[in-house]
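A quick write-up on the structure given underneath.
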Amino acid sequence: DAKTTQPPSMDCAEGRAANLPCNHSTISGNEYVYWYRQIHSQGPQYIIHGLKNNETNEMASLIITEDRKSSTLILPHATLRDTAVYYCIVRVGNKAAGNKLTFGGGTRVLVKP
Amino acid sequence: DGGITQSPKYLFRKEGQNVTLSCEQNLNHDAMYWYRQDPGQGLRLIYYSQIVNDFQKGDIAEGYSVSREKKESFPLTVTSAQKNPTAFYLCASAGGAGNSPLHFGNGTRLTVT
C-alpha cells in the first residue's frame, strides 16, 4: 500500500472549516484514500473514503486532486469535539488484499474556541 | 444497536499469564481484525480473519493467537511469549466489499506487571 505524509499537528478555530492535507504521491490506480480519526482512548472512527471523485457525507468532504497524488479532508464547521488525531490511509480496495489498513502517525488536530 | 463490543475496557494481569481479549460484532461482517496501539503511536496489525475458521498473521503476530469459530466473534489471546504485552488493543470488522471501511470497537487497555 502507498505511504502517506501528513503534518504532525495543526490548530483550527471553532466554527471555521478545517482543511487537513495528505500527500500520497506513490498511490496506484486501484488504491482508495481513507480517512479515520481517533479521539483519545477510543477506537478509530471511519470518516470517509474515495477513489478519484470528490466525496461528501454528513461528517466531512474529501477532495482528491486530479493526479490523485494528494487529498484534503474538510471538516466544514469544526467543533471542540472534532479535536482528535486524523489518519489518512491509502490501500487497495479488493477483497484479496484483506481490507487491511496501515496506520501512520496522523495529524493531531486541536480545535480552539 | 449494531456495533463492535470489546470487553473488558481495562484488564490487568501478572507477567507470565495468558490473557484473552473478547471481541464481538453484530454487523454481520465477514472480516475481523486485531490491532495494537502503543502510546503516541499508530495502529499495528496483529491478526485478521476474512472468513470463519480462517485467519492470517499481520505485521506483529508473534506472541499472540486467535480463533474464529463464529462469524460474530474473534477473540485474541496474549500469551506469555509476548515480550511487551502492555498496550491498547483494538478490534475491527469490515463488510464483504473490497473497499469496505473498517469499523472499530472502543478497545481494551491491557496492563501486565
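Each chain in the C-alpha cells gets a letter, A, B, ..., in the order shown, and its residues are numbered from 1; ligands are numbered from 1 in order too.
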Exercise for review: Restrict the distance test to only C-alpha atoms, flag each residue of chain A within 10 Å of chain B, and return the flagged residues as a PyMOL selection string.
Suggested key: chain A and resi 31-36+41-51+85+87+91-106
Exercise for review: For region 19-30 of chain A, please output as a PyMOL selection string all residues within 8 Å (counting only C-alpha atoms; exclusion window: fewer than 4 positions along the same chain).
Suggested key: chain A and resi 1-7+51+68-75+88+90+92-93+107
Practice item. Pick out each residue of region 11-54 of chain A that DSSP on the backbone tags as strand (DSSP E); I need them as a list in words. Key: Asp11, Cys12, Ala13, Ala18, Asn19, Leu20, Pro21, Cys22, Asn23, Glu31, Tyr32, Val33, Tyr34, Trp35, Tyr36, Arg37, Gln38, Gln45, Tyr46, Ile47, Ile48, His49 and Gly50 of chain A
Exercise for review: For each of B:Ile4, B:Leu76, B:Ile46, B:Val52, take the minimum atom-to-atom distance to Val19 (chain B), counting only C-alpha atoms, then give the residue where this is smallest.
Suggested key: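 Ranking B:Ile4, B:Leu76, B:Ile46, B:Val52 by distance to Val19 (chain B), first place goes to B:Leu76.
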Practice item. Step one, run DSSP on the backbone; step two, keep only residues of chain A assigned to helix (DSSP H, G or I); then write them as JSON, numbers by chain. Key: {"A": [80, 81, 82, 95, 96, 97]}
Check your understanding: Contacts of Gln25 (chain B) at 8 Å or less, counting only C-alpha atoms, minus same-chain residues fewer than 6 places along, as an MDAnalysis selection string?
Key -> chainID B and resid 2:5 72:73 93
Exercise for review: Could you give me, as a ChimeraX atom specification, the residues within 8 Å of Leu110 (chain B), counting only C-alpha atoms and dropping anything in the same chain fewer than 3 positions from it?
Suggested key: /B:10-13,85-89
Taking C-alpha atoms for each residue, export the selection above as a PDB file, in the first residue's frame.
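Result written to selection-v6.pdb:
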ATOM      1  CA  TYR B  10      -9.382  -2.300  31.267  1.00  0.00           C
ATOM      2  CA  LEU B  11      -7.548  -5.538  32.052  1.00  0.00           C
ATOM      3  CA  PHE B  12      -4.718  -6.202  34.473  1.00  0.00           C
ATOM      4  CA  ARG B  13      -2.577  -9.330  34.523  1.00  0.00           C
ATOM      5  CA  PRO B  85       2.060  -7.037  26.144  1.00  0.00           C
ATOM      6  CA  THR B  86       1.040  -3.788  27.840  1.00  0.00           C
ATOM      7  CA  ALA B  87      -0.846  -1.835  25.156  1.00  0.00           C
ATOM      8  CA  PHE B  88      -4.200  -0.649  23.858  1.00  0.00           C
ATOM      9  CA  TYR B  89      -5.844  -3.405  21.790  1.00  0.00           C
TER      10      TYR B  89
END
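Proximity ranking of B:Phe55, B:Ser65, B:Asn84, B:Ile60 relative to Thr113 (chain B) places B:Asn84 first, based on only C-alpha atoms.
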Check your understanding: If you measure from CA of Asp11 (chain A) to CA of Lys52 (chain A), what distance in Å do you get, rounded to one decimal?
Key ->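 Pair CA of Asp11 (chain A) / CA of Lys52 (chain A) returns 27.6 Å.
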Review point. Any idea what's packed within 9 Å of Asn53 (chain A), counting only C-alpha atoms, ignoring anything in its chain fewer than 3 positions away? Could you give it as a VMD selection string?
Key: chain A and resid 50 62 to 66
Check your understanding: Given the choices A:Ser61, A:Asp67, A:Asn54, A:Pro76, which gets closest to Glu14 (chain A) if the distance is worked out from only C-alpha atoms?
Key ->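 The closest residue to Glu14 (chain A) is A:Pro76.
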